[in-house]
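First the structure, in the form of structure tokens, and then the observations on it.
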Amino acid sequence: MHKLNIRVYYEDTDAGGIVYYANYLKFAERARTEWLRELGFEQDVFLEQNIAFVVKHVEMHNNAPARFNQMLSIHSHIVELKGASMTFKQDIINAQDENLLVTVQAKIACVDLANMRPRRIPEAMLGEFSRVI
């Protein structure tokens, strides 16, 4: 499992001072990107090789709102790993009281940018993720 802490900024909130729902998806994306980075994979290097990772399907369940200036902890883990896709489950938690705020499940597909067709996830990445699931 990977953990990333993110503070809620004013720009993340709506007029009521709570996190606008679409921003939870941004937080989840940042957490997945940082996990890749910690494993030694930079997405710009993949882009140079015409490889991209795109969201094929996403589900989000809101249990409670996050508010301005709260510290959140995003806990990510892989629940399914296939040759050309992987599914992440991500819990967004209030870091202070450890209450579960939002759950995101995202299926990420690996595609060839030249033709936008599915392609196999690079072997080095498959190997790294195989060890953590």
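Naming works like this for the structure tokens: A, B, ... for the chains as they're shown, residue 1 at the start of each chain, ligands 1 onward in shown order.
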Please build the interface table for range 92-117 of chain A against range 1-17 of chain A with a cut-off of 10 Å, listing for each qualifying residue the nearest atom pair and the distance in Å to one decimal; count only C-alpha atoms, order rows by chain and increasing number, and write it as a Markdown table.
```
| residue | atom | partner | partner_atom | distance |
| --- | --- | --- | --- | --- |
| A:Ile92 | CA | A:Asn5 | CA | 9.4 |
| A:Ile93 | CA | A:Asn5 | CA | 9.4 |
| A:Asn94 | CA | A:Asn5 | CA | 9.7 |
| A:Ala95 | CA | A:Asn5 | CA | 7.8 |
```
(request) Write out as a ChimeraX atom specification each polymer residue whose atoms come within 7 Å of Ser85 in chain A, counting only C-alpha atoms; drop sequence neighbours fewer than 6 positions from it. (result) /A:107-110
So that I can see what lies close to Val58 in chain A, please list as a compact mmCIF listing (two decimals) with N, CA and C atoms, in the first residue's frame the residues with an atom at most 12 Å from it, counting only C-alpha atoms and leaving out residues fewer than 4 positions away in the same chain.
```txt
# COMPACT_ATOMS: atom_id res chain seq x y z
N ALA A 22 -15.08 16.80 -7.57
CA ALA A 22 -14.13 16.41 -8.62
C ALA A 22 -12.68 16.46 -8.13
N TYR A 24 -11.49 15.26 -5.41
CA TYR A 24 -11.07 13.98 -4.85
C TYR A 24 -10.43 13.11 -5.93
N LEU A 25 -10.95 13.21 -7.15
CA LEU A 25 -10.34 12.45 -8.26
C LEU A 25 -8.94 12.97 -8.57
N ALA A 28 -6.65 11.56 -5.93
CA ALA A 28 -6.37 10.14 -6.20
C ALA A 28 -5.35 10.02 -7.32
N GLU A 29 -5.47 10.85 -8.36
CA GLU A 29 -4.51 10.84 -9.47
C GLU A 29 -3.11 11.19 -8.98
N VAL A 54 -4.47 5.73 -19.00
CA VAL A 54 -5.73 6.47 -19.04
C VAL A 54 -6.75 5.80 -18.14
N MET A 86 -4.75 -2.04 -14.81
CA MET A 86 -4.65 -2.26 -13.36
C MET A 86 -5.76 -1.48 -12.69
N THR A 87 -6.26 -2.03 -11.60
CA THR A 87 -7.33 -1.38 -10.85
C THR A 87 -6.82 -1.01 -9.47
N PHE A 88 -6.97 0.26 -9.15
CA PHE A 88 -6.56 0.79 -7.86
C PHE A 88 -7.77 1.02 -6.98
N LYS A 89 -7.64 0.72 -5.69
CA LYS A 89 -8.62 1.14 -4.69
C LYS A 89 -7.90 2.17 -3.84
N GLN A 90 -8.54 3.32 -3.67
CA GLN A 90 -7.92 4.41 -2.93
C GLN A 90 -8.89 4.95 -1.90
N THR A 103 -13.98 6.91 -1.03
CA THR A 103 -13.34 5.74 -1.62
C THR A 103 -13.41 5.88 -3.14
N VAL A 104 -12.27 5.67 -3.79
CA VAL A 104 -12.19 5.73 -5.25
C VAL A 104 -11.67 4.39 -5.73
N GLN A 105 -12.30 3.85 -6.75
CA GLN A 105 -11.78 2.67 -7.43
C GLN A 105 -11.63 3.05 -8.89
N ALA A 106 -10.41 2.93 -9.42
CA ALA A 106 -10.13 3.36 -10.78
C ALA A 106 -9.42 2.26 -11.56
N LYS A 107 -9.97 1.95 -12.73
CA LYS A 107 -9.32 1.01 -13.64
C LYS A 107 -8.52 1.85 -14.63
N ILE A 108 -7.22 1.59 -14.67
CA ILE A 108 -6.30 2.35 -15.50
C ILE A 108 -5.81 1.44 -16.63
N ALA A 109 -5.95 1.91 -17.86
CA ALA A 109 -5.50 1.14 -19.02
C ALA A 109 -4.22 1.74 -19.57
```
(request) Using DSSP on the backbone, list every residue of chain A that comes out as helix (DSSP H, G or I), and give them as a ChimeraX atom specification. (result) /A:10-12,21-38,43-48,123-132
(message) For Phe46 in chain A, find every residue with an atom within 12 Å (counting only C-alpha atoms), except residues of its own chain fewer than 2 positions away, and show them as a VMD selection string.
(response) chain A and resid 36 to 37 40 to 44 48 to 53 110 to 113 121 to 122 125
(message) My list of candidates is A:Glu80, A:Glu38, A:Glu59, A:Asp97. Which is closest to Ser130 in chain A when distances are computed with only C-alpha atoms?
(response) A:Glu80
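Between Phe27 in chain A and the residues A:Leu47, A:Ala64, A:Ala114, A:Leu72, the shortest atom-to-atom distance, using only C-alpha atoms, involves A:Leu72.
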(message) Show me, as a list in words, the residues that have an atom within 8 Å of Phe129 in chain A when counting only C-alpha atoms, minus same-chain residues fewer than 3 positions from it.
(response) Ile78, Leu81, Met125, Leu126, Val132 and Ile133 of chain A
(request) Give me, please, the distance in Å between CA of Met71 in chain A and CA of Arg131 in chain A, quoted to one decimal. (result) 29.3 Å
